[in-house]
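Encoded as structure tokens, the structure appears first; notes follow it.
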Amino acid sequence: MSAIATADSAVADQTLRITEIFYSLQGEARTVGLPTVFVRLTGCPLRCLYCDTEYAFHGGDMMTLGDIAGQVAKHGPAYVTVTGGEPLAQPNCLPLLSLLCDQGYEVSLETSGAMPVADVDPRVVKVLDLKTPASGESARNDYDNIAHLTRNDQLKFVICDRNDYEWARFKLDELALVPRVSDVLFSPSYEQLAPRELAEWILADRLPVRLQLQLHKYLWDDAPGH
């Protein structure tokens, strides 16, 4: 066996704890509505007050990266999203992202922004969620991550109330976010802020951001596996 094949095998044998792998429509970000395979990793160091995936905090099954890639391939997807929990809380998330890119998928990573993204494969679309004050976890934002975002990436703010909106609006200017990424996403926290109200604020202030609704919640009522 060649040294390259041995290295590939070693990567494939690395393991991650996985909550679920499923095929659905992307509910968020710029590929919203497109058929996508989701790989949901188990565990998260944050406890956002509005978290909708608490079932991914614990449990899950250990899987090799090779087995994960095999499960993804069964669906024949163009798009793969690695999510959580907080996927970067497991170090082997990084080789998984690269492995999926190597297999020709368009790969996105949903991350809280509390974990370093500097070593994420540059082929991966990072969808980084800056935590607002009402999340209860804004102190966990790692602003060093901003320097590692590119025009291939996206920034998300989950907005719970007017104070969150004003905070996010300030961050747009303070961190010069709009020209740094492809999209800045403002998402109303489900059942906390009416989407129409957020839309009216965005229009009144002429913000260059994309209003994002969580499509999967409207289609499947936030059920696991969707």
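In the structure tokens, chains take letters A, B, ... by order of appearance, with residues numbered from 1 within each chain and ligands from 1 in the order shown.
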>> Can you pull out every residue from stretch 48-120 of chain A that DSSP, working from the backbone, puts in strand (DSSP E), and format the result as number ranges by chain?
In response: A: 61-64, 79-83, 106-111
>> When you look at A:Glu20 with a cut-off of 8 Å (counting only C-alpha atoms), what residues show up, excluding the ones that are within fewer than 5 positions of it in the same chain? I need them as a list in words.
In response: Phe38, Val39, Arg40, Leu41, Gly60 and Gly225 of chain A
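Among the candidates A:Pro45, A:Gly66, A:Pro208, A:Gly59, the residue lying nearest to A:Ser112 is A:Pro45 (atoms considered: only C-alpha atoms).
Across the structure, atom CA of A:Val11 and atom CA of A:Gln90 are spaced 14.6 Å apart.
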Sel. of alpha helix (DSSP H) residues, stretch 38-69 of chain A, as a tab-separated table (two decimals) with all heavy atoms, in the first residue's frame:
```tsv
chain	number	residue	atom	x	y	z
A	65	LEU	N	-14.84	8.37	9.96
A	65	LEU	CA	-15.05	9.33	8.88
A	65	LEU	C	-15.42	8.61	7.59
A	65	LEU	O	-16.23	9.09	6.80
A	65	LEU	CB	-13.81	10.19	8.68
A	65	LEU	CG	-13.71	11.47	9.52
A	65	LEU	CD1	-13.79	11.18	11.02
A	65	LEU	CD2	-12.45	12.25	9.20
A	66	GLY	N	-14.83	7.44	7.37
A	66	GLY	CA	-15.17	6.66	6.19
A	66	GLY	C	-16.63	6.23	6.17
A	66	GLY	O	-17.29	6.29	5.13
A	67	ASP	N	-17.14	5.81	7.33
A	67	ASP	CA	-18.55	5.41	7.41
A	67	ASP	C	-19.48	6.60	7.20
A	67	ASP	O	-20.53	6.49	6.56
A	67	ASP	CB	-18.84	4.75	8.76
A	67	ASP	CG	-18.26	3.35	8.86
A	67	ASP	OD1	-17.94	2.76	7.81
A	67	ASP	OD2	-18.11	2.86	10.00
A	68	ILE	N	-19.09	7.76	7.75
A	68	ILE	CA	-19.90	8.97	7.56
A	68	ILE	C	-19.96	9.32	6.07
A	68	ILE	O	-21.03	9.58	5.52
A	68	ILE	CB	-19.30	10.15	8.36
A	68	ILE	CG1	-19.38	9.86	9.86
A	68	ILE	CG2	-20.02	11.45	8.02
A	68	ILE	CD1	-18.55	10.82	10.71
A	69	ALA	N	-18.80	9.30	5.42
A	69	ALA	CA	-18.76	9.61	3.99
A	69	ALA	C	-19.60	8.61	3.19
A	69	ALA	O	-20.25	8.99	2.21
A	69	ALA	CB	-17.31	9.60	3.50
```
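Comparing the minimum interatomic distances between A:His58 and each of A:Ala12, A:Leu88, A:Leu25, A:Ile18, counting only C-alpha atoms, we find that A:Ile18 sits nearest.
Residues in contact with A:Cys160 at up to 10 Å, not including ones fewer than 3 positions away on its chain and judged by only C-alpha atoms, are Tyr50, Thr132, Pro133, Ala134, Ser135, Phe157, Asn163, Asp164, Tyr165, Ser187, Pro188, Ser189, Tyr190, Glu191, Gln192, Leu193, Ala194 and Leu198 of chain A.
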> Smallest atom-to-atom distance to A:Asp61: which of A:Thr36, A:Ser182, A:Asn141, A:Thr15, using only C-alpha atoms?
Replying inline: A:Thr15
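Surrounding stretch 101-107 of chain A within 9 Å are A:Ala69, A:Ala73, A:Pro77, A:Ala78, A:Tyr79, A:Val80, A:Thr81, A:Val82, A:Leu96, A:Leu97, A:Asp121, A:Arg123, A:Val124, A:Val125, A:Lys126, with only C-alpha atoms counted and residues fewer than 4 positions along the same chain left out.
For the atom pair formed by atom CA of A:Ala139 and atom CA of A:Gly113, the distance is 11.0 Å, given to one decimal.
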> Excluding same-chain residues fewer than 5 positions from A:Tyr55, what lies within 10 Å of it counting only C-alpha atoms, as a PyMOL selection string?
Replying inline: chain A and resi 19+42-43+60+84-85+224
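Restricting the calculation to only C-alpha atoms, the smallest distance between A:Met62 and any of A:Cys93, A:Leu16, A:Leu109, A:Ile21 is found for A:Leu16.
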> Pick the closest to A:Leu175 from A:Asn145, A:Thr111, A:Gln14, A:Asn152: which is it, counting only C-alpha atoms?
Replying inline: A:Asn145
> So how many Å separate atom CA of A:Arg140 and atom CA of A:Asn92, to one decimal?
Replying inline: 21.6 Å
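Residue nearest A:Leu46 within the list A:Ser138, A:Gln214, A:Gln71, A:Ser24: A:Ser138 [criterion: smallest interatomic distance, only C-alpha atoms].
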